[in-house]
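Peer 1: Please find model_28.csv (CSV, C-alpha atoms) on the next line:
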chain,number,residue,atom,x,y,z
A,1229,MET,CA,0.0,0.0,0.0
A,1230,SER,CA,1.4,3.4,-0.9
A,1231,ASN,CA,0.6,6.7,0.8
A,1232,LEU,CA,-1.1,9.0,-1.7
A,1233,TYR,CA,-1.4,12.1,0.6
A,1234,THR,CA,-0.9,13.1,4.2
A,1235,ALA,CA,-2.8,16.0,5.8
A,1236,THR,CA,-1.4,17.6,8.8
A,1237,ALA,CA,-3.2,19.9,11.3
A,1238,THR,CA,-2.3,21.1,14.8
A,1239,ALA,CA,-4.8,21.9,17.5
A,1240,THR,CA,-4.3,24.1,20.6
A,1241,GLY,CA,-6.7,24.6,23.4
A,1242,GLY,CA,-8.9,21.5,22.8
A,1243,ARG,CA,-12.5,21.9,21.9
A,1244,ALA,CA,-12.5,25.6,22.7
A,1245,GLY,CA,-9.2,26.4,21.0
A,1246,HIS,CA,-7.9,26.7,17.5
A,1247,THR,CA,-6.9,24.3,14.7
A,1248,LYS,CA,-4.7,25.0,11.7
A,1249,SER,CA,-3.3,22.9,8.8
A,1250,ASP,CA,0.4,23.0,8.1
A,1251,ASP,CA,-0.2,24.8,4.8
A,1252,GLY,CA,-2.6,27.4,6.3
A,1253,ARG,CA,-5.5,26.5,4.1
A,1254,LEU,CA,-7.5,25.4,7.2
A,1255,ASP,CA,-7.3,27.9,10.1
A,1256,LEU,CA,-10.3,27.8,12.4
A,1257,ASN,CA,-11.4,28.7,15.8
A,1258,LEU,CA,-13.2,26.0,17.8
A,1259,SER,CA,-16.2,26.4,20.2
A,1260,VAL,CA,-18.0,24.0,22.4
A,1261,PRO,CA,-21.7,23.5,21.5
A,1262,ARG,CA,-24.3,24.4,24.1
A,1263,GLY,CA,-25.5,20.8,24.2
A,1264,MET,CA,-22.1,19.8,25.5
A,1265,GLY,CA,-22.1,22.5,28.2
A,1266,GLY,CA,-20.2,25.1,26.1
A,1267,ASP,CA,-20.9,28.7,25.2
A,1268,ASP,CA,-21.9,27.8,21.6
A,1269,GLY,CA,-19.4,30.4,20.4
A,1270,PRO,CA,-18.8,31.2,16.7
A,1271,GLY,CA,-16.2,28.5,16.1
A,1272,THR,CA,-16.7,25.1,14.6
A,1273,ASN,CA,-16.2,21.8,16.4
A,1274,PRO,CA,-14.6,18.4,15.7
A,1275,GLU,CA,-17.9,16.8,14.8
A,1276,GLN,CA,-18.7,19.4,12.2
A,1277,LEU,CA,-15.2,19.0,10.7
A,1278,PHE,CA,-15.6,15.2,10.7
A,1279,ALA,CA,-19.1,15.5,9.1
A,1280,ALA,CA,-17.8,17.8,6.4
A,1281,GLY,CA,-14.8,15.6,5.6
A,1282,TYR,CA,-16.9,12.4,5.6
A,1283,ALA,CA,-19.6,13.9,3.3
A,1284,ALA,CA,-17.0,15.1,0.8
A,1285,CYS,CA,-15.0,11.9,0.9
A,1286,PHE,CA,-18.2,9.7,0.5
A,1287,GLN,CA,-19.4,11.8,-2.4
A,1288,GLY,CA,-16.0,11.3,-4.1
A,1289,ALA,CA,-16.4,7.5,-3.5
A,1290,LEU,CA,-19.9,7.6,-5.0
A,1291,GLY,CA,-18.6,9.3,-8.1
A,1292,ASN,CA,-15.9,6.6,-8.5
A,1293,VAL,CA,-18.5,3.8,-8.0
A,1294,ALA,CA,-21.0,5.5,-10.4
A,1295,ARG,CA,-18.3,5.8,-13.1
A,1296,ARG,CA,-17.2,2.2,-12.6
A,1297,ASP,CA,-20.8,0.9,-12.8
A,1298,LYS,CA,-21.7,3.3,-15.7
A,1299,ILE,CA,-24.4,5.2,-13.7
A,1300,THR,CA,-25.0,8.8,-14.6
A,1301,LEU,CA,-25.5,11.0,-11.7
A,1302,SER,CA,-27.1,14.4,-11.9
A,1303,GLY,CA,-25.1,17.5,-10.9
A,1304,ASP,CA,-27.3,18.2,-8.0
A,1305,GLN,CA,-26.9,15.0,-6.1
A,1306,THR,CA,-25.7,15.5,-2.5
A,1307,ILE,CA,-24.4,13.6,0.5
A,1308,THR,CA,-25.3,14.9,4.0
A,1309,ALA,CA,-23.3,13.5,7.0
A,1310,MET,CA,-24.9,13.8,10.4
A,1311,VAL,CA,-22.3,13.1,13.1
A,1312,GLY,CA,-23.4,12.7,16.7
A,1313,LEU,CA,-21.2,12.6,19.8
A,1314,THR,CA,-22.3,9.8,22.1
A,1315,ARG,CA,-21.4,8.8,25.6
A,1316,ASP,CA,-21.4,5.4,27.2
A,1317,GLY,CA,-20.3,5.7,30.8
A,1318,GLY,CA,-16.9,7.4,30.7
A,1319,ALA,CA,-16.2,6.7,27.1
A,1320,PHE,CA,-17.2,8.9,24.1
A,1321,GLY,CA,-18.1,7.7,20.6
A,1322,LEU,CA,-19.5,8.8,17.3
A,1323,ASP,CA,-22.8,8.0,15.6
A,1324,VAL,CA,-23.1,8.7,11.9
A,1325,GLU,CA,-25.9,8.9,9.3
A,1326,LEU,CA,-25.0,9.4,5.6
A,1327,GLN,CA,-28.0,10.6,3.6
A,1328,GLY,CA,-27.9,10.7,-0.1
A,1329,HIS,CA,-30.1,12.7,-2.5
A,1330,PHE,CA,-30.0,11.4,-6.0
A,1331,PRO,CA,-32.5,13.1,-8.4
A,1332,GLY,CA,-33.2,10.7,-11.3
A,1333,LEU,CA,-32.5,7.5,-9.5
A,1334,ASP,CA,-35.1,5.3,-7.8
A,1335,GLU,CA,-34.6,4.4,-4.1
A,1336,GLU,CA,-33.2,0.9,-4.8
A,1337,GLN,CA,-30.6,2.2,-7.3
A,1338,ALA,CA,-29.7,5.0,-4.8
A,1339,MET,CA,-29.3,2.6,-1.9
A,1340,ASN,CA,-27.2,0.2,-4.0
A,1341,LEU,CA,-24.9,3.0,-4.9
A,1342,MET,CA,-24.7,4.1,-1.3
A,1343,ARG,CA,-23.8,0.6,-0.2
A,1344,ALA,CA,-21.1,0.3,-2.9
A,1345,ALA,CA,-19.6,3.6,-2.0
A,1346,HIS,CA,-19.6,2.6,1.7
A,1347,GLU,CA,-17.3,-0.3,0.8
A,1348,VAL,CA,-14.7,1.8,-0.9
A,1349,CYS,CA,-14.8,5.2,1.0
A,1350,PRO,CA,-11.7,5.6,3.2
A,1351,TYR,CA,-13.8,7.2,6.0
A,1352,SER,CA,-16.2,4.3,5.9
A,1353,ASN,CA,-13.3,1.8,6.0
A,1354,ALA,CA,-11.7,3.7,9.0
A,1355,THR,CA,-15.0,3.7,11.0
A,1356,ARG,CA,-16.2,0.2,10.1
A,1357,GLY,CA,-16.6,-1.9,13.2
A,1358,ASN,CA,-16.0,1.2,15.5
A,1359,VAL,CA,-18.8,3.6,14.6
A,1360,ASP,CA,-22.5,3.0,13.9
A,1361,VAL,CA,-22.9,4.3,10.3
A,1362,ARG,CA,-26.3,4.3,8.8
A,1363,LEU,CA,-27.1,4.9,5.1
A,1364,SER,CA,-30.3,6.5,3.9
A,1365,VAL,CA,-31.7,8.2,0.8
A,1366,LYS,CA,-34.2,11.1,0.6
Starting from the file, give its structure as structure tokens.

Peer 2:
Amino acid sequence: MSNLYTATATATGGRAGHTKSDDGRLDLNLSVPRGMGGDDGPGTNPEQLFAAGYAACFQGALGNVARRDKITLSGDQTITAMVGLTRDGGAFGLDVELQGHFPGLDEEQAMNLMRAAHEVCPYSNATRGNVDVRLSVK
């Protein structure tokens, strides 16, 4: 296996701090959501960052699978990732739903495409067996 790319980011101050990528393209303040006892400040949070990354990566995997299977996707298809922070005793975990929107495909075709993408997406492979990931279409 060869490494195609490595992203590097550094965080300071934890959930109420700051994170920045080594190339400066990502440079964000972080805030703790009110639901977690925070001030719900203007910054983002790790769950939003994970949701954004997972949605984008999954949509890329969908495009690859669609091309492989000769399925034409409309330009307005979307993937929405909903990432929840869970607690079980003293341990924390994640809960994910990936929701696809595929104008022009019926529900069965869309779900088959979602399942196929879930098998090749790097985020799906990283979370498999560790995070409850549910697939749905709207």

Peer 1: Which residue gives the smallest distance to Ala1344 of chain A among A:Ala1309, A:Leu1254, A:Ala1239, A:Leu1363, with only C-alpha atoms counted?

Peer 2: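 With only C-alpha atoms as the atom set, the closest residue is A:Leu1363.
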
Peer 1: With only C-alpha atoms as the counted atoms, please give the residues lying no more than 9 Å from Asp1250 of chain A, apart from itself and same-chain residues fewer than 5 positions off, as a list in words.

Peer 2: Ala1235, Thr1236, Ala1237 and Thr1238 of chain A

Peer 1: A:Ser1249, A:Asn1353, A:Asn1292, A:Asn1273: which is nearest Thr1234 of chain A, counting all atoms listed in the file?

Peer 2: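 Among the listed residues, A:Ser1249 lies closest to Thr1234 of chain A.
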
Peer 1: As a PyMOL selection string, please: the residues near Asp1268 of chain A (cut-off 10 Å, only C-alpha atoms, same-chain neighbours under 5 positions excluded).

Peer 2: chain A and resi 1244+1258-1263+1273

Peer 1: Name the residues in contact with Arg1356 of chain A at a cut-off of 12 Å, using all atoms listed in the file, excluding same-chain residues fewer than 3 positions from it; report them as a compact mmCIF listing (two decimals) with C-alpha atoms, in the coordinates of the input.

Peer 2:
# COMPACT_ATOMS: atom_id res chain seq x y z
CA LEU A 1322 -19.50 8.80 17.30
CA ASP A 1323 -22.80 8.00 15.60
CA VAL A 1324 -23.10 8.70 11.90
CA HIS A 1346 -19.60 2.60 1.70
CA GLU A 1347 -17.30 -0.30 0.80
CA VAL A 1348 -14.70 1.80 -0.90
CA CYS A 1349 -14.80 5.20 1.00
CA PRO A 1350 -11.70 5.60 3.20
CA TYR A 1351 -13.80 7.20 6.00
CA SER A 1352 -16.20 4.30 5.90
CA ASN A 1353 -13.30 1.80 6.00
CA VAL A 1359 -18.80 3.60 14.60
CA ASP A 1360 -22.50 3.00 13.90
CA VAL A 1361 -22.90 4.30 10.30
CA ARG A 1362 -26.30 4.30 8.80

Peer 1: What is the atom CA of Gln1327 of chain A to atom CA of Met1264 of chain A distance in Å?

Peer 2: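 Taking atom CA of Gln1327 of chain A as the start and atom CA of Met1264 of chain A as the end point, the length is 24.5 Å.
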